[in-house]
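Note sheet for the following structure.
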There are 4 protein chains.
Amino acid sequence: MTVSRTVELEGHIIDSGMMGQCFGIVMDLGGSFEVEEFEVGRHKDATTYCRMRVSADTEGDLQTIVHELHQNGANPADPRPASVEPAPDDRVVPAGFYSTTNHPTEVFYRDEWIPVDDIEMDCAVVIEEGADGERSARTKVLNAIREDDLVVVGESGIRVKPPERPRDASGPFGFMQGGVSSERPSESLIREVAEALVETKRDGGNVLVVAGPALIHSGAGDALADLVREGFVDGLSAGNGFATHDIERGLYGTSLGMDMETMEHPRKGHKHHIYTISEVIRAGGIPEAVDAGLIQEGVMYECVRNDVNYVLAGSIRDDGPLPDTITDAVEAQNAIREQAHEADLVLMLSTLLHSVAVGNCLPSTTKTVCVDINPATVTQLLDRGSSQAIGMVTDIGTFVPTLAEKVFEAEAEQ
Amino acid sequence: MTVSRTVELEGHIIDSGMMGQCFGIVMDLGGSFEVEEFEVGRHKDATTYCRMRVSADTEGDLQTIVHELHQNGANPADPRPASVEPAPDDRVVPAGFYSTTNHPTEVFYRDEWIPVDDIEMDCAVVIEEGADGERSARTKVLNAIREDDLVVVGESGIRVKPPERPRDASGPFGFMQGGVSSERPSESLIREVAEALVETKRDGGNVLVVAGPALIHSGAGDALADLVREGFVDGLSAGNGFATHDIERGLYGTSLGMDMETMEHPRKGHKHHIYTISEVIRAGGIPEAVDAGLIQEGVMYECVRNDVNYVLAGSIRDDGPLPDTITDAVEAQNAIREQAHEADLVLMLSTLLHSVAVGNCLPSTTKTVCVDINPATVTQLLDRGSSQAIGMVTDIGTFVPTLAEKVFEAEAEQ
Amino acid sequence: MTVSRTVELEGHIIDSGMMGQCFGIVMDLGGSFEVEEFEVGRHKDATTYCRMRVSADTEGDLQTIVHELHQNGANPADPRPASVEPAPDDRVVPAGFYSTTNHPTEVFYRDEWIPVDDIEMDCAVVIEEGADGERSARTKVLNAIREDDLVVVGESGIRVKPPERPRDASGPFGFMQGGVSSERPSESLIREVAEALVETKRDGGNVLVVAGPALIHSGAGDALADLVREGFVDGLSAGNGFATHDIERGLYGTSLGMDMETMEHPRKGHKHHIYTISEVIRAGGIPEAVDAGLIQEGVMYECVRNDVNYVLAGSIRDDGPLPDTITDAVEAQNAIREQAHEADLVLMLSTLLHSVAVGNCLPSTTKTVCVDINPATVTQLLDRGSSQAIGMVTDIGTFVPTLAEKVFEAEAEQ
Amino acid sequence: MTVSRTVELEGHIIDSGMMGQCFGIVMDLGGSFEVEEFEVGRHKDATTYCRMRVSADTEGDLQTIVHELHQNGANPADPRPASVEPAPDDRVVPAGFYSTTNHPTEVFYRDEWIPVDDIEMDCAVVIEEGADGERSARTKVLNAIREDDLVVVGESGIRVKPPERPRDASGPFGFMQGGVSSERPSESLIREVAEALVETKRDGGNVLVVAGPALIHSGAGDALADLVREGFVDGLSAGNGFATHDIERGLYGTSLGMDMETMEHPRKGHKHHIYTISEVIRAGGIPEAVDAGLIQEGVMYECVRNDVNYVLAGSIRDDGPLPDTITDAVEAQNAIREQAHEADLVLMLSTLLHSVAVGNCLPSTTKTVCVDINPATVTQLLDRGSSQAIGMVTDIGTFVPTLAEKVFEAEAEQ
């Protein structure tokens with residue numbers, strides 16, 4: 001028995017690679033295809049249209065193929081309405097629930113295409129009906145699902161729009177210019193990131209910095225504090241370790257017991273580290289410690305003074321933690337999710353854990369810069385499927401100061 | 001003004017490096033020393049004794065030096081009693097609190113030397129008095145401190161005993177044979193680890209496995225499940241991702257959507273991943289899902305069936321999470337702490353996050369094997385100061401099956 | 001002014017990604033295109049044809065674009081004959097010489113399409129005329145160019161055929177399944193490599209092993225020697241260090257002064273290393289030392305005994321070197337080039353230097369397996385543009401023994 | 001049977017770790033020791049003296065132990081004269097030849113202590129007698145040995161002086177402050193390196209730069225050229241790839257076909273690369289190409305213009321090569337050896353191959369800075385036993401410009 005289904009692709013589907021990928025998916029998964037209609041985009045601004053019938057031996061195989069095609073932007077040709085089923089229980093999805101990509105998505109429900117709000121990977125889509133009868137659709141992570149939520153199942157009636165290759169590929173976020181390299185001219189690349197940051201702020205955008213403790217150890221804290229003070233950072237997503245090292249440095253001029261300026265006494269004593277947390281606990285928290293004059297400089301100080309929203313997510317590695325740290329992982333994810341949804345440009349600076357957590361919540365359309373000394377970290381972050389992400393394998397201790405310098409230059413030039 | 005203090009070292013302090021380090025610490029920190037008495041150990045079983053007077057310009061400098069000497073096993077010669085101060089508040093330590101090493105430690109309090117229970121790095125030491133008037137001392141992490149706890153401050157009256165070079169350095173845990181290398185004969189080294197594991201079990205010891213999700217992706221799940229089933233594992237410390245991938249593999253034969261046997265369909269779909277969690281939630285948890293026959297194989301299955309204690313610690317990267325996951329970082333740390341304190345041999349398998357969390361709770365006397373494909377991970381774990389740790393840079397996907405094979409061989413040979 | 005040129009693509013150009021890349025190249029390089037004819041392959045076995053006119057502002061820009069299109073399989077529609085110019089001097093190419101890809105290539109010269117022999121990246125193409133008037137074309141590296149060689153210049157009259165996605169993607173060498181991963185099931189992947197090796201030998205193919213000294217340090221020498229003895233290796237490409245460590249191990253049971261079996265005495269003494277070389281020099285070389293009974297086991301021993309061709313290429317890191325080492329880099333490259341051209345399957349085992357040297361001489365159609373513990377090494381090797389290359393990030397010390405085991409199993413099964 | 005031998009250690013042997021290591025060596029190798037005399041250095045400027053009798057079961061074991069003790073600075077107490085034997089053939093050493101460390105060494109021959117010239121690891125020591133009857137001793141690598149050279153055998157009559165912990169550990173080259181870290185404050189550390197460089201030049205010292213092609217790709221070529229032009233570099237040790245990329249960049253504004261300024265056109269075409277080499281060959285070499293005006297900028301240009309000695313060592317990866325490249329590995333090693341022996345400060349910049357080659361020729365007293373983005377490279381270089389080496393895991397593309405800036409600042413401040 002052969003079952004089949006017709007899907008469509010439209011847009012710059014050849015140079016964006018979508019069409020090649022879709023052909024490949026069908027072959028990889030053991031199906032076959034028949035192109036029924038094809039209209040090539042004859043020049044760079046013309047779009048291409050392809051309608052093809054996909055066949056497989058079983059309905060199950062066909063569904064797998066259609067699911068994968070979907071993830072890559074091939075949508076069913078005959079938009080049958082999306083099916084929905086009520087969630088059988090809190091935090092339980094119906095069998096065959098539709099699992100989202102991070103690309104812009106619409107659902108065809110009751111004769112209308114509804115955009116899915118807060119699009120994010122690996123979520124369910126829930127249809128909601130307002131008091132006024134207006135319908136909306138939004139993503140819900142598994143633990144937000146409530147019994148009887150109307151969850152979309154199957155692939156019907158869903159339209160996904162992966163990002164296309166922009167017609168003009170200049171700037172650091174040009175399509176597929178991403179990739180990672182430790183062999184590209186570092187200073188030129190940092191200048192381009194600085195320009196993107198300045199431009200984002202000039203356009204009223206939101207800049208989210210995700211930072212790990214290595215940023216402080218490597219001596220880049222002052223430069224990041226400068227960027228916060230001068231208004232180039234709208235949100236900070238970090239952990240208990242980052243905040244503690246930053247505050248400890250202000251209190252004792254050390255990070256992990258090392259004198260930052262002279263690099264003398266590189267002892268391992270964590271005593272200052274624990275005592276710093278203890279004193280902040282005594283003050284009642286970071287803002288209170290700033291108000292009380294205990295914390296007088298650093299990244300956290302500038303965040304408090306300049307009303308920059310920060311989230312400190314807890315981890316099982318933490319000492320303390322600081323009272324400001326959200327120790328519950330689900331609660332912390334929710335706080336991170338909000339930051340991620342607001343961001344227009346995300347700088348991920350030498351932290352795998354926090355970067356993955358933020359990256360999980362980002363749509364594929366958010367510009368992202370990943371910086372780490374470890375190429376495996378950068379590769380893993382870029383793999384998450386954002387076409388707007390660039391990676392840089394470099395030393396955070398020279399990257400942030402150079403970035404700050406070039407940001408202030410770019411700002412001054414305008 | 002010069003202030004000074006007399007400290008003593010005793011034991012195999014030359015070949016264990018302690019004496020050299022102590023001389024170096026004094027010089028690095030700008031102090032001076034005068035050896036007052038010195039009795040060299042004339043042969044390998046004789047211990048060495050050194051008493052020296054350490055001087056510095058200020059009391060603060062001297063305290064810093066004495067603190068560092070302490071961490072390396074030089075104890076004050078004239079055991080003045082330890083000072084204690086009540087904790088000013090919950091989760092707040094007195095200024096100058098004594099911050100622990102992970103070496104065996106004793107406190108001189110009210111004319112007796114009291115051993116510090118549950119020794120662990122970066123903790124405070126709290127003196128407790130039982131109903132019977134008996135005094136004990138134990139470590140407390142910062143968030144366990146309660147107002148008015150009697151916290152040891154300063155360095156007086158504290159004796160630290162770093163591990164010495166064993167007189168017989170055979171076996172993989174010989175002193176300083178540790179280190180990391182990707183250039184040592186892999187199969188010989190795995191055989192030695194297998195022998196250590198079998199020996200630990202034969203001696204009635206407790207084996208704790210700390211495992212990351214890469215273990216499942218790399219195809220090593222079956223071999224670990226075998227080790228659990230055959231009774232070589234007493235505890236499992238992992239995360240939500242590890243458990244989900246393991247269960248998903250049993251349910252669908254996939255991990256992250258990839259068929260484990262044929263490696264076909266290496267698609268990125270996380271759909272099975274989310275659905276696996278959803279179904280376990282519906283069942284009520286992992287043990288319930290095992291009982292209900294939903295989970296029929298794998299590492300978690302064997303843990304449930306064989307009453308192996310497991311801790312799944314949550315993280316901000318998690319999907320779901322599974323109901324068995326402890327989402328609060330502090331609560332999860334406490335569960336991990338218990339596992340760590342019971343362990344006699346710890347295998348840290350391809351997870352930095354969980355290994356650091358466990359490592360933080362281990363005394364320097366617990367045997368530890370760290371395995372990761374990334375040398376930076378292994379180095380970071382070994383740096384935590386256990387003299388009983390060995391690292392191996394290898395592929396977890398070949399390590400675990402080879403280990404299981406050699407464990408069963410070693411077992412059979414007895 | 002606008003200049004333009006018409007190019008054609010034909011084959012499975014959509015799913016192989018060629019067409020998307022060609023559109024992208026034109027846009028990236030500031031040109032424009034007009035698709036003049038397009039016939040889509042309507043099912044998976046049908047080929048696609050595309051003819052497009054590419055335009056640019058200047059002849060220079062157009063040439064750059066056409067050059068890049070060429071590298072990706074877009075050939076000029078109107079095969080004007082290839083232009084040739086005599087080389088102005090030994091080791092000097094004419095301006096605008098055609099620089100080869102590693103894909104199968106033909107040259108249109110004097111009204112016939114001539115295949116380019118020994119295709120290899122970054123070479124010039126030289127036309128030669130035999131005594132019988134028959135013309136042939138072959139690649140020459142720069143230092144092989146002689147004055148008055150007829151060197152092809154420009155892009156006209158050259159047809160490049162990049163590998164297409166195979167219609168059946170099973171097996172480890174399926175198109176683009178390559179990539180690198182440390183998170184794929186290691187043992188399954190090794191089994192697939194073993195099967196490919198056995199199949200290559202069964203089909204009468206040539207297997208080349210490229211090996212670094214880490215193979216010996218990690219204890220994999222015996223397993224490789226077994227593979228050589230049993231006839232699974234036709235050539236060995238290595239360096240002075242590899243051969244010396246292998247021979248030293250036979251002579252002293254050590255590699256770099258470490259006892260391989262017990263791992264005791266891991267001292268750094270290179271004394272045995274130097275003395276090994278000295279004794280082989282005294283014997284007159286490796287085959288002479290085997291004949292004299294000095295070398296009685298190991299990889300080099302088996303190579304000599306089983307007439308397996310080996311090339312030991314010198315490097316500035318070498319001790320000695322052994323008399324068998326080719327110290328001149330150009331001469332060594334020529335010997336490597338011969339090995340590479342004969343190979344049907346190449347295993348690159350934990351050496352970046354030798355693997356790059358071999359890889360430089362391989363056409364894109366040769367199957368290649370790159371194994372290293374360092375992901376950066378594997379990535380760099382796969383980047384060289386072979387579509388038939390797979391990479392594996394694993395421990396050579398467990399990989400080779402496991403491979404040998406699975407090869408012998410696969411052989412036995414037939 | 002027990003055989004024994006008396007050895008002595010003298011100096012700052014406790015804090016330098018030598019004494020602990022010597023005790024450990026005896027135990028590791030199954031021997032025993034009896035301390036016969038011990039005079040501890042009672043304060044930081046007093047030296048310690050230790051005489052001990054070392055025993056083992058067999059003469060062979062004893063020799064192994066004494067050899068290892070030797071490498072760590074324990075010298076035989078009763079300086080029997082060194083034994084010498086004539087080399088049996090060219091490039092052949094007598095059995096039991098003494099293999100050097102890289103520490104300052106003296107030989108007791110015919111009643112006098114003769115310093116060994118050009119000390120370097122893994123060499124033989126050859127005694128030579130001048131026409132005037134004056135005796136000297138020097139290292140010879142294996143391939144420099146000539147028949148009948150008087151080669152020192154055994155351990156008798158040899159005195160090795162490993163570097164001691166300096167009494168004042170300030171500056172980046174403080175004893176054991178070396179180590180590697182990607183978590184130290186980068187800019188402070190670069191400033192310290194800059195100060196060491198300026199100080200070396202002020203003291204009339206020789207600065208050798210060892211550089212890999214990544215330096216050019218990462219955009220650091222201009223900064224290095226500035227350092228050469230301003231007289232801070234006395235020698236350059238690199239390869240054909242480095243020089244070609246540097247020259248190509250001057251000729252075409254590209255490196256590996258990438259526009260360095262705008263980073264556009266990141267195509268893989270090596271055409272410019274090959275053509276650059278071809279044109280330099282046509283000119284007759286780099287100095288000729290500079291004279292002819294073909295090369296007008298860059299590192300190689302500044303070397304030629306400022307009479308900075310450069311060595312380009314060939315490798316089997318090379319294209320071309322340039323006529324200036326020494327293709328024979330032995331000849332290239334000899335050229336590198338000369339550079340290494342003259343150097344007072346060596347900067348190893350992002351090349352493992354060339355850094356190892358240079359490092360092999362350096363005595364342990366030469367200051368060395370190793371910079372690479374890959375921590376494994378830095379670790380491997382530091383492992384070579386220089387106590388004066390520091391490593392930095394950072395991005396060469398930001399390191400060199402920052403270094404140049406800080407060098408010029410430090411210079412200006414004087």
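Here's how to read the names in the structure tokens: chain A, B, ... by the order shown, residue numbers from 1 in each chain, ligand numbers from 1 in the order shown.
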
Quick one: everything within 8 Å of region 121-136 of chain C, counting only C-alpha atoms, minus sequence neighbours fewer than 4 positions away in the same chain. Send it as a VMD selection string. (chain C and resid 93 97 to 102 114 to 117 140 to 142 149 to 152 360 to 363) or (chain D and resid 270 to 271 274)

Every residue of region 103-312 of chain B that DSSP places in alpha helix (DSSP H), as a ChimeraX atom specification: /B:186-202,214-217,221-229,240-252,271-283,286-291,299-305

Return the neighbours of chain A among the residues of chain B, cut-off 6 Å, counting only C-alpha atoms, as a VMD selection string. chain B and resid 92 99 142 to 143 271 278 315 to 317 320 327 to 329 333 357

Okay, now the selection with C-alpha atoms, as a compact mmCIF listing (two decimals), in the first residue's frame?
```
# COMPACT_ATOMS: atom_id res chain seq x y z
CA VAL B 92 25.26 34.20 57.59
CA SER B 99 36.57 27.75 55.54
CA LEU B 142 26.36 28.32 53.96
CA ASN B 143 22.66 27.81 53.44
CA LYS B 271 9.17 15.05 19.74
CA SER B 278 4.80 13.43 29.17
CA SER B 315 18.86 22.20 35.48
CA ILE B 316 17.70 25.20 33.50
CA ARG B 317 18.37 23.26 30.31
CA GLY B 320 9.81 18.67 31.16
CA THR B 327 14.10 21.01 40.44
CA ASP B 328 15.30 23.01 43.42
CA ALA B 329 19.07 23.37 43.28
CA GLN B 333 22.54 19.48 46.34
CA ALA B 357 28.33 19.09 42.02
```

Just how far from CA of Asp344 (chain B) is CA of Asp234 (chain B), in Å to one decimal? 10.2 Å
